[in-house]
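For reference, the structure is listed below as structure tokens.
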Amino acid sequence: MDNEELMKVLRRAAIEGGRKIMEIYEADDFDVRAKSDDSPVTAADEAADAIISEHLRAAFPDIALVTEEQADSHDQTADRFLIVDPLDGTKEFIQRRGDFTVNIALVENGTPVFGVVYAPAKERLFYTRPDGQSVEETGDFDLETPGPTTEIHVSQPENGALRVVASKSHRDAATDAYIGKYACADMKSAGSSLKFCLVATGEADLYPRLGRTMEWDTAAGDAVLRGAGGQMVRFDDHAPFTYGKDGFANVFFIAYAPGVDLKPA
């Protein structure tokens, strides 16, 4: 598969999905339902999923596709697969806070190697170039012609004055206790996979997550972070974080800029 073509398709799919999400987001009202696990789902999740899935299946019919909104895709096992969260941060969407993203990634042998994170309400678009370097695009996000891009790189952290980002909707006492082990100069809260991107751009140094997530929540942000020089490890033993796990369920994790003196769990 040609990496240029891959990233062209992923970028376009994310932007088109994001545009549909914004149509619904800017409407006067929209329906919210509960899925079998009691998590919320909206028409925006489903409409974006349909658009993105159509693009990916047409372009890459031989690559397994895993997407949050299609439960029958969660039983697959593959060494190489595309993984999608069409609307990450549904709670942020429902509360009209803007911190939601479209996530699309390609995973190979347990590693997310290419990814796109699009935050349409924030007008921020991050992705890995075909050479693996992560960039942020600016401009009007034309479907055919990318705008100006800037390479992004993680920070050189100061362990005596770390900048930490944590979940806006899933913050808990355990997370606060772990963050308390560090000397923090700044604390941000953000929704969805934007937290990965804040570490990738050097706007934060550390993002610990002590809560339930799925691989579609993290793969694209992880790919962007890795392409910016960052790392993601398991929370319990700081071992490498891998994908393609049973049911695509994640363990707790830490995403960070190398140089952060990670504290034990």
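Just remember, in the structure tokens the first chain shown is A, the second B, etc., residues are 1-based per chain, and ligands are 1-based in the order shown.
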field: Who sits within 8 Å of region 172-178 of chain A, only C-alpha atoms, same chain under 5 positions skipped, as a PyMOL selection string
entry: chain A and resi 208-210+265
task: Compile the contact shell of Ala71 (chain A) as a list in words: residues with an atom at most 12 Å away, counting only C-alpha atoms, same-chain residues fewer than 3 positions apart removed.
output: Lys35, Ser36, Asp37, Leu65, Val66, Thr67, Glu68, His74, Asp75, Gln76, Gly247 and Phe248 of chain A
Per residue of region 89-115 of chain A within 6 Å of region 185-206 of chain A, note the shortest atom pair and the distance in Å to one decimal, counting only C-alpha atoms, and order the rows by chain and increasing residue number, as a Markdown table.
| residue | atom | partner | partner_atom | distance |
| --- | --- | --- | --- | --- |
| A:Gly89 | CA | A:Ser192 | CA | 4.7 |
| A:Asp99 | CA | A:Gly191 | CA | 4.9 |
| A:Phe100 | CA | A:Ser192 | CA | 5.5 |
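Using only C-alpha atoms, the shortest contact distance between Tyr182 (chain A) and any of A:Asp28, A:Leu262, A:Glu54, A:Tyr256 is found at A:Leu262.
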With a distance cut-off of 8 Å and only C-alpha atoms, select the neighbouring residues of Val102 (chain A), excluding the residue or stretch itself and same-chain residues fewer than 3 positions from it, and output the selection as an mmCIF file with C-alpha atoms, in the first residue's frame.
data_model
loop_
_atom_site.group_PDB
_atom_site.id
_atom_site.type_symbol
_atom_site.label_atom_id
_atom_site.label_comp_id
_atom_site.auth_asym_id
_atom_site.auth_seq_id
_atom_site.Cartn_x
_atom_site.Cartn_y
_atom_site.Cartn_z
ATOM 1 C CA ALA A 14 -11.655 12.566 8.641
ATOM 2 C CA GLY A 17 -16.739 13.007 8.759
ATOM 3 C CA GLY A 18 -15.966 16.158 10.735
ATOM 4 C CA VAL A 84 -11.876 4.393 13.707
ATOM 5 C CA ASP A 85 -13.643 6.428 16.336
ATOM 6 C CA PRO A 86 -15.901 8.648 14.229
ATOM 7 C CA LEU A 87 -16.713 10.899 17.187
ATOM 8 C CA ASP A 88 -14.367 10.665 20.160
ATOM 9 C CA VAL A 116 -5.344 11.439 11.736
ATOM 10 C CA VAL A 117 -6.941 13.416 14.562
ATOM 11 C CA TYR A 118 -9.383 16.110 13.455
ATOM 12 C CA ALA A 119 -11.058 18.445 15.947
#
- request: Can you check which residues of region 78-178 of chain A DSSP gives as strand (DSSP E) on the backbone and send them as an MDAnalysis selection string?
  value: chainID A and resid 80:88 101:108 111:119 124:128 134:137 149:151 162:167
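For the set A:Glu158, A:Asp217, A:Glu151, A:Asp140, the residue with the smallest atom-to-atom gap to Ala257 (chain A) is A:Glu158, counting only C-alpha atoms.
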Just list as a short mmCIF file (atom, residue, chain, number, x, y, z; two decimals) with all heavy atoms, in the first residue's frame whatever in region 128-250 of chain A DSSP marks as helix (DSSP H, G or I).
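The resulting states18.cif:
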data_model
loop_
_atom_site.label_atom_id
_atom_site.label_comp_id
_atom_site.auth_asym_id
_atom_site.auth_seq_id
_atom_site.Cartn_x
_atom_site.Cartn_y
_atom_site.Cartn_z
N ALA A 173 -10.19 10.55 41.50
CA ALA A 173 -9.25 10.71 42.61
C ALA A 173 -7.95 9.96 42.36
O ALA A 173 -6.87 10.43 42.73
CB ALA A 173 -9.89 10.23 43.91
N ALA A 174 -8.04 8.79 41.72
CA ALA A 174 -6.83 8.02 41.44
C ALA A 174 -5.91 8.76 40.48
O ALA A 174 -4.68 8.78 40.66
CB ALA A 174 -7.20 6.65 40.87
N THR A 175 -6.50 9.40 39.48
CA THR A 175 -5.70 10.20 38.54
C THR A 175 -5.04 11.36 39.26
O THR A 175 -3.84 11.64 39.08
CB THR A 175 -6.58 10.72 37.39
OG1 THR A 175 -7.18 9.60 36.72
CG2 THR A 175 -5.77 11.53 36.40
N ASP A 176 -5.81 12.05 40.08
CA ASP A 176 -5.25 13.20 40.82
C ASP A 176 -4.12 12.76 41.75
O ASP A 176 -3.12 13.46 41.90
CB ASP A 176 -6.35 13.90 41.62
CG ASP A 176 -7.29 14.69 40.73
OD1 ASP A 176 -6.90 15.02 39.59
OD2 ASP A 176 -8.42 14.98 41.17
N ALA A 177 -4.29 11.59 42.37
CA ALA A 177 -3.25 11.09 43.28
C ALA A 177 -1.96 10.79 42.51
O ALA A 177 -0.86 11.08 43.00
CB ALA A 177 -3.74 9.85 44.00
N TYR A 178 -2.12 10.22 41.32
CA TYR A 178 -0.92 9.92 40.53
C TYR A 178 -0.25 11.20 40.05
O TYR A 178 0.98 11.35 40.14
CB TYR A 178 -1.27 9.03 39.34
CG TYR A 178 -0.05 8.67 38.53
CD1 TYR A 178 0.92 7.81 39.03
CD2 TYR A 178 0.16 9.24 37.27
CE1 TYR A 178 2.06 7.50 38.30
CE2 TYR A 178 1.29 8.94 36.54
CZ TYR A 178 2.24 8.07 37.05
OH TYR A 178 3.38 7.78 36.33
N ILE A 179 -1.04 12.15 39.57
CA ILE A 179 -0.47 13.43 39.13
C ILE A 179 0.25 14.11 40.28
O ILE A 179 1.27 14.78 40.09
CB ILE A 179 -1.59 14.32 38.55
CG1 ILE A 179 -2.11 13.73 37.23
CG2 ILE A 179 -1.09 15.75 38.33
CD1 ILE A 179 -3.34 14.42 36.69
N LEU A 194 -7.56 14.85 21.84
CA LEU A 194 -6.82 16.11 21.84
C LEU A 194 -5.70 16.10 22.87
O LEU A 194 -4.68 16.78 22.70
CB LEU A 194 -7.75 17.29 22.12
CG LEU A 194 -8.52 17.85 20.92
CD1 LEU A 194 -9.56 18.87 21.40
CD2 LEU A 194 -7.57 18.49 19.92
N LYS A 195 -5.86 15.31 23.92
CA LYS A 195 -4.82 15.26 24.97
C LYS A 195 -3.50 14.73 24.39
O LYS A 195 -2.43 15.23 24.72
CB LYS A 195 -5.31 14.42 26.13
CG LYS A 195 -6.51 15.02 26.86
CD LYS A 195 -6.96 14.19 28.03
CE LYS A 195 -7.71 12.95 27.63
NZ LYS A 195 -9.03 13.22 26.99
N PHE A 196 -3.59 13.72 23.55
CA PHE A 196 -2.39 13.22 22.88
C PHE A 196 -1.74 14.32 22.05
O PHE A 196 -0.51 14.47 22.02
CB PHE A 196 -2.72 12.05 21.96
CG PHE A 196 -3.09 10.79 22.66
CD1 PHE A 196 -4.42 10.43 22.82
CD2 PHE A 196 -2.12 9.93 23.14
CE1 PHE A 196 -4.78 9.26 23.45
CE2 PHE A 196 -2.45 8.74 23.77
CZ PHE A 196 -3.78 8.41 23.93
N CYS A 197 -2.58 15.07 21.34
CA CYS A 197 -2.06 16.10 20.44
C CYS A 197 -1.41 17.24 21.22
O CYS A 197 -0.44 17.85 20.73
CB CYS A 197 -3.17 16.61 19.54
SG CYS A 197 -3.87 15.32 18.48
N LEU A 198 -1.91 17.55 22.40
CA LEU A 198 -1.28 18.59 23.22
C LEU A 198 0.11 18.17 23.67
O LEU A 198 1.02 19.00 23.76
CB LEU A 198 -2.16 18.91 24.43
CG LEU A 198 -3.51 19.57 24.13
CD1 LEU A 198 -4.31 19.76 25.41
CD2 LEU A 198 -3.33 20.90 23.42
N VAL A 199 0.29 16.88 23.93
CA VAL A 199 1.64 16.39 24.25
C VAL A 199 2.49 16.40 22.98
O VAL A 199 3.67 16.79 22.99
CB VAL A 199 1.59 14.98 24.87
CG1 VAL A 199 3.01 14.48 25.17
CG2 VAL A 199 0.76 14.98 26.15
N ALA A 200 1.90 16.01 21.85
CA ALA A 200 2.65 15.95 20.58
C ALA A 200 3.16 17.31 20.14
O ALA A 200 4.24 17.42 19.56
CB ALA A 200 1.78 15.34 19.49
N GLU A 215 -9.23 0.85 22.06
CA GLU A 215 -8.16 1.16 21.12
C GLU A 215 -8.55 2.22 20.11
O GLU A 215 -7.71 3.01 19.67
CB GLU A 215 -7.69 -0.11 20.41
CG GLU A 215 -6.99 -1.08 21.36
CD GLU A 215 -6.41 -2.30 20.66
OE1 GLU A 215 -6.32 -2.29 19.41
OE2 GLU A 215 -6.02 -3.26 21.35
N TRP A 216 -9.84 2.30 19.74
CA TRP A 216 -10.24 3.35 18.79
C TRP A 216 -10.19 4.73 19.44
O TRP A 216 -10.13 5.72 18.73
CB TRP A 216 -11.63 3.05 18.23
CG TRP A 216 -12.67 2.66 19.23
CD1 TRP A 216 -13.33 3.46 20.12
CD2 TRP A 216 -13.15 1.32 19.47
NE1 TRP A 216 -14.20 2.72 20.89
CE2 TRP A 216 -14.12 1.41 20.51
CE3 TRP A 216 -12.88 0.08 18.90
CZ2 TRP A 216 -14.80 0.30 20.99
CZ3 TRP A 216 -13.56 -1.03 19.38
CH2 TRP A 216 -14.51 -0.92 20.41
N ASP A 217 -10.20 4.79 20.76
CA ASP A 217 -10.06 6.08 21.45
C ASP A 217 -8.63 6.61 21.35
O ASP A 217 -8.42 7.83 21.43
CB ASP A 217 -10.39 5.95 22.94
CG ASP A 217 -11.83 5.57 23.21
OD1 ASP A 217 -12.73 6.15 22.59
OD2 ASP A 217 -12.05 4.67 24.05
N THR A 218 -7.66 5.71 21.25
CA THR A 218 -6.26 6.10 21.45
C THR A 218 -5.34 5.94 20.24
O THR A 218 -4.32 6.59 20.17
CB THR A 218 -5.65 5.29 22.61
OG1 THR A 218 -5.65 3.89 22.29
CG2 THR A 218 -6.42 5.52 23.91
N ALA A 219 -5.68 5.06 19.30
CA ALA A 219 -4.72 4.69 18.26
C ALA A 219 -4.27 5.89 17.41
O ALA A 219 -3.07 6.06 17.14
CB ALA A 219 -5.30 3.60 17.36
N ALA A 220 -5.21 6.72 16.98
CA ALA A 220 -4.84 7.85 16.12
C ALA A 220 -4.00 8.87 16.88
O ALA A 220 -2.98 9.36 16.38
CB ALA A 220 -6.09 8.52 15.55
N GLY A 221 -4.42 9.19 18.11
CA GLY A 221 -3.64 10.13 18.92
C GLY A 221 -2.27 9.58 19.25
O GLY A 221 -1.28 10.32 19.25
N ASP A 222 -2.20 8.28 19.51
CA ASP A 222 -0.92 7.63 19.78
C ASP A 222 -0.01 7.73 18.55
O ASP A 222 1.19 8.00 18.67
CB ASP A 222 -1.18 6.18 20.17
CG ASP A 222 0.04 5.44 20.68
OD1 ASP A 222 1.14 6.02 20.69
OD2 ASP A 222 -0.10 4.27 21.07
N ALA A 223 -0.56 7.49 17.37
CA ALA A 223 0.23 7.60 16.14
C ALA A 223 0.79 9.01 15.96
O ALA A 223 1.97 9.19 15.62
CB ALA A 223 -0.62 7.20 14.93
N VAL A 224 -0.06 10.00 16.19
CA VAL A 224 0.39 11.40 16.08
C VAL A 224 1.49 11.68 17.11
O VAL A 224 2.50 12.32 16.81
CB VAL A 224 -0.79 12.36 16.24
CG1 VAL A 224 -0.32 13.81 16.41
CG2 VAL A 224 -1.74 12.25 15.05
N LEU A 225 1.29 11.19 18.33
CA LEU A 225 2.28 11.40 19.38
C LEU A 225 3.61 10.74 19.02
O LEU A 225 4.68 11.36 19.15
CB LEU A 225 1.76 10.83 20.70
CG LEU A 225 2.71 10.90 21.90
CD1 LEU A 225 3.04 12.33 22.25
CD2 LEU A 225 2.11 10.17 23.10
N ARG A 226 3.58 9.51 18.55
CA ARG A 226 4.82 8.81 18.18
C ARG A 226 5.53 9.53 17.05
O ARG A 226 6.76 9.62 17.04
CB ARG A 226 4.50 7.36 17.79
CG ARG A 226 4.00 6.51 18.95
CD ARG A 226 3.68 5.08 18.49
NE ARG A 226 2.91 4.36 19.51
CZ ARG A 226 3.20 3.13 19.92
NH1 ARG A 226 4.24 2.48 19.42
NH2 ARG A 226 2.44 2.53 20.83
N GLY A 227 4.75 10.05 16.09
CA GLY A 227 5.34 10.76 14.96
C GLY A 227 5.93 12.11 15.34
O GLY A 227 6.62 12.74 14.55
N ASP A 246 -7.42 -8.35 22.76
CA ASP A 246 -8.71 -9.02 22.75
C ASP A 246 -9.83 -8.01 22.98
O ASP A 246 -9.86 -7.33 24.01
CB ASP A 246 -8.73 -10.10 23.83
CG ASP A 246 -10.02 -10.91 23.81
OD1 ASP A 246 -10.53 -11.18 22.71
OD2 ASP A 246 -10.52 -11.25 24.90
N GLY A 247 -10.76 -7.93 22.05
CA GLY A 247 -11.87 -7.00 22.17
C GLY A 247 -11.49 -5.55 22.01
O GLY A 247 -12.32 -4.66 22.18
N PHE A 248 -10.22 -5.29 21.70
CA PHE A 248 -9.70 -3.92 21.49
C PHE A 248 -9.85 -3.04 22.73
O PHE A 248 -10.00 -1.82 22.64
CB PHE A 248 -10.37 -3.27 20.27
CG PHE A 248 -10.17 -4.07 19.02
CD1 PHE A 248 -11.15 -4.94 18.56
CD2 PHE A 248 -8.98 -3.99 18.31
CE1 PHE A 248 -10.96 -5.70 17.42
CE2 PHE A 248 -8.77 -4.75 17.17
CZ PHE A 248 -9.77 -5.62 16.72
#
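When only C-alpha atoms are used to compute distances to Leu6 (chain A), the closest of the residues A:Arg234, A:Phe141, A:Thr149, A:Arg129 turns out to be A:Arg129.
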task: Would you mind listing what lies within 10 Å of Thr42 (chain A) as a ChimeraX atom specification, with only C-alpha atoms counted and same-chain residues fewer than 2 positions away left out?
output: /A:21,24,30-35,40,44-47,87,90-91,93-94
Only N, CA and C atoms, please: the residues just picked out, written as a PDB file, in the first residue's frame.
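The resulting file, out-v1.pdb, is reproduced below:
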ATOM      1  N   ILE A  21     -20.380  15.946  11.270  1.00  0.00           N
ATOM      2  CA  ILE A  21     -20.542  16.142  12.713  1.00  0.00           C
ATOM      3  C   ILE A  21     -20.926  17.587  13.016  1.00  0.00           C
ATOM      4  N   ILE A  24     -24.563  18.604  12.427  1.00  0.00           N
ATOM      5  CA  ILE A  24     -25.468  18.174  13.496  1.00  0.00           C
ATOM      6  C   ILE A  24     -25.201  18.974  14.779  1.00  0.00           C
ATOM      7  N   PHE A  30     -30.409  17.694  18.859  1.00  0.00           N
ATOM      8  CA  PHE A  30     -30.134  16.382  18.285  1.00  0.00           C
ATOM      9  C   PHE A  30     -30.440  15.322  19.336  1.00  0.00           C
ATOM     10  N   ASP A  31     -30.760  14.129  18.842  1.00  0.00           N
ATOM     11  CA  ASP A  31     -31.138  13.030  19.735  1.00  0.00           C
ATOM     12  C   ASP A  31     -29.896  12.385  20.340  1.00  0.00           C
ATOM     13  N   VAL A  32     -30.024  11.960  21.580  1.00  0.00           N
ATOM     14  CA  VAL A  32     -28.973  11.221  22.275  1.00  0.00           C
ATOM     15  C   VAL A  32     -29.578   9.917  22.793  1.00  0.00           C
ATOM     16  N   ARG A  33     -28.917   8.799  22.462  1.00  0.00           N
ATOM     17  CA  ARG A  33     -29.376   7.498  22.936  1.00  0.00           C
ATOM     18  C   ARG A  33     -28.263   6.834  23.738  1.00  0.00           C
ATOM     19  N   ALA A  34     -28.606   5.794  24.467  1.00  0.00           N
ATOM     20  CA  ALA A  34     -27.620   5.027  25.233  1.00  0.00           C
ATOM     21  C   ALA A  34     -27.355   3.709  24.527  1.00  0.00           C
ATOM     22  N   LYS A  35     -26.079   3.357  24.389  1.00  0.00           N
ATOM     23  CA  LYS A  35     -25.699   2.066  23.825  1.00  0.00           C
ATOM     24  C   LYS A  35     -25.800   0.996  24.909  1.00  0.00           C
ATOM     25  N   PRO A  40     -23.146   7.172  25.661  1.00  0.00           N
ATOM     26  CA  PRO A  40     -24.065   7.870  24.768  1.00  0.00           C
ATOM     27  C   PRO A  40     -23.659   7.748  23.305  1.00  0.00           C
ATOM     28  N   ALA A  44     -24.693  12.068  15.059  1.00  0.00           N
ATOM     29  CA  ALA A  44     -23.407  12.496  14.514  1.00  0.00           C
ATOM     30  C   ALA A  44     -22.404  11.350  14.502  1.00  0.00           C
ATOM     31  N   ASP A  45     -22.371  10.547  15.583  1.00  0.00           N
ATOM     32  CA  ASP A  45     -21.501   9.367  15.615  1.00  0.00           C
ATOM     33  C   ASP A  45     -21.785   8.464  14.420  1.00  0.00           C
ATOM     34  N   GLU A  46     -23.064   8.188  14.212  1.00  0.00           N
ATOM     35  CA  GLU A  46     -23.459   7.221  13.190  1.00  0.00           C
ATOM     36  C   GLU A  46     -23.280   7.769  11.785  1.00  0.00           C
ATOM     37  N   ALA A  47     -23.587   9.041  11.576  1.00  0.00           N
ATOM     38  CA  ALA A  47     -23.432   9.626  10.241  1.00  0.00           C
ATOM     39  C   ALA A  47     -21.958   9.720   9.852  1.00  0.00           C
ATOM     40  N   LEU A  87     -16.471   9.742  16.318  1.00  0.00           N
ATOM     41  CA  LEU A  87     -16.713  10.899  17.187  1.00  0.00           C
ATOM     42  C   LEU A  87     -16.209  10.558  18.581  1.00  0.00           C
ATOM     43  N   THR A  90     -17.934  12.018  22.770  1.00  0.00           N
ATOM     44  CA  THR A  90     -19.366  12.254  22.562  1.00  0.00           C
ATOM     45  C   THR A  90     -19.965  13.101  23.680  1.00  0.00           C
ATOM     46  N   LYS A  91     -19.480  12.904  24.918  1.00  0.00           N
ATOM     47  CA  LYS A  91     -19.989  13.728  26.030  1.00  0.00           C
ATOM     48  C   LYS A  91     -19.667  15.203  25.820  1.00  0.00           C
ATOM     49  N   PHE A  93     -19.313  16.590  22.902  1.00  0.00           N
ATOM     50  CA  PHE A  93     -20.216  16.976  21.814  1.00  0.00           C
ATOM     51  C   PHE A  93     -21.601  17.309  22.356  1.00  0.00           C
ATOM     52  N   ILE A  94     -22.131  16.427  23.195  1.00  0.00           N
ATOM     53  CA  ILE A  94     -23.483  16.622  23.731  1.00  0.00           C
ATOM     54  C   ILE A  94     -23.559  17.900  24.556  1.00  0.00           C
TER      55      ILE A  94
END
message: Neighbouring residues of Asn109 (chain A) were defined as those with any atom within 10 Å, considering only C-alpha atoms; residues of the same chain fewer than 2 positions away were excluded. Please report them as an NGL selection string.
response: :A and (78-81 or 107 or 111-113 or 242-244)
Emit the selected residues as a PDB file, in the first residue's frame, including N, CA, C and O atoms.
ATOM      1  N   ALA A  78      -6.438  -9.299  13.638  1.00  0.00           N
ATOM      2  CA  ALA A  78      -5.629  -9.013  12.448  1.00  0.00           C
ATOM      3  C   ALA A  78      -4.327  -8.356  12.880  1.00  0.00           C
ATOM      4  O   ALA A  78      -4.284  -7.632  13.874  1.00  0.00           O
ATOM      5  N   ASP A  79      -3.278  -8.614  12.129  1.00  0.00           N
ATOM      6  CA  ASP A  79      -1.997  -7.958  12.378  1.00  0.00           C
ATOM      7  C   ASP A  79      -1.971  -6.554  11.797  1.00  0.00           C
ATOM      8  O   ASP A  79      -1.175  -5.715  12.228  1.00  0.00           O
ATOM      9  N   ARG A  80      -2.842  -6.321  10.833  1.00  0.00           N
ATOM     10  CA  ARG A  80      -2.908  -5.008  10.180  1.00  0.00           C
ATOM     11  C   ARG A  80      -4.362  -4.607  10.058  1.00  0.00           C
ATOM     12  O   ARG A  80      -5.169  -5.357   9.504  1.00  0.00           O
ATOM     13  N   PHE A  81      -4.712  -3.451  10.595  1.00  0.00           N
ATOM     14  CA  PHE A  81      -6.107  -3.038  10.534  1.00  0.00           C
ATOM     15  C   PHE A  81      -6.221  -1.518  10.649  1.00  0.00           C
ATOM     16  O   PHE A  81      -5.373  -0.843  11.232  1.00  0.00           O
ATOM     17  N   VAL A 107      -2.994   0.389  12.141  1.00  0.00           N
ATOM     18  CA  VAL A 107      -2.166  -0.361  13.083  1.00  0.00           C
ATOM     19  C   VAL A 107      -1.486  -1.511  12.343  1.00  0.00           C
ATOM     20  O   VAL A 107      -2.145  -2.237  11.582  1.00  0.00           O
ATOM     21  N   THR A 111       1.350  -1.756  16.508  1.00  0.00           N
ATOM     22  CA  THR A 111       1.769  -0.355  16.603  1.00  0.00           C
ATOM     23  C   THR A 111       0.943   0.518  15.673  1.00  0.00           C
ATOM     24  O   THR A 111       0.801   0.200  14.485  1.00  0.00           O
ATOM     25  N   PRO A 112       0.410   1.654  16.160  1.00  0.00           N
ATOM     26  CA  PRO A 112      -0.278   2.596  15.275  1.00  0.00           C
ATOM     27  C   PRO A 112       0.769   3.406  14.497  1.00  0.00           C
ATOM     28  O   PRO A 112       1.492   4.214  15.073  1.00  0.00           O
ATOM     29  N   VAL A 113       0.873   3.151  13.199  1.00  0.00           N
ATOM     30  CA  VAL A 113       1.955   3.737  12.410  1.00  0.00           C
ATOM     31  C   VAL A 113       1.549   5.015  11.672  1.00  0.00           C
ATOM     32  O   VAL A 113       2.399   5.865  11.384  1.00  0.00           O
ATOM     33  N   THR A 242       0.584  -1.733  23.288  1.00  0.00           N
ATOM     34  CA  THR A 242       0.338  -2.406  22.023  1.00  0.00           C
ATOM     35  C   THR A 242      -1.147  -2.426  21.677  1.00  0.00           C
ATOM     36  O   THR A 242      -2.004  -2.216  22.533  1.00  0.00           O
ATOM     37  N   TYR A 243      -1.417  -2.722  20.405  1.00  0.00           N
ATOM     38  CA  TYR A 243      -2.777  -2.733  19.862  1.00  0.00           C
ATOM     39  C   TYR A 243      -3.095  -4.095  19.248  1.00  0.00           C
ATOM     40  O   TYR A 243      -2.206  -4.896  18.999  1.00  0.00           O
ATOM     41  N   GLY A 244      -4.401  -4.309  19.021  1.00  0.00           N
ATOM     42  CA  GLY A 244      -4.860  -5.598  18.545  1.00  0.00           C
ATOM     43  C   GLY A 244      -5.172  -6.540  19.686  1.00  0.00           C
ATOM     44  O   GLY A 244      -5.200  -7.761  19.516  1.00  0.00           O
TER      45      GLY A 244
END
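Checking A:Asp131, A:Arg97, A:Phe60, A:Arg124 one by one against Gly147 (chain A), counting only C-alpha atoms, you find the shortest gap at A:Arg124.
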- prompt: Within 9 Å of Pro148 (chain A), counting only C-alpha atoms, which residues qualify if same-chain residues fewer than 2 places away don't, as an NGL selection string?
  reply: :A and (136-139 or 146 or 150)
query: Expressed in Å to a single decimal, how great is the separation between CA of Asn3 (chain A) and CA of Gly132 (chain A)?
result: 9.3 Å
message: Neighbouring residues of Met22 (chain A) were defined as those with any atom within 8 Å, considering only C-alpha atoms; residues of the same chain fewer than 3 positions away were excluded. Please report them as number ranges by chain.
response: A: 18-19, 25-26, 120-121
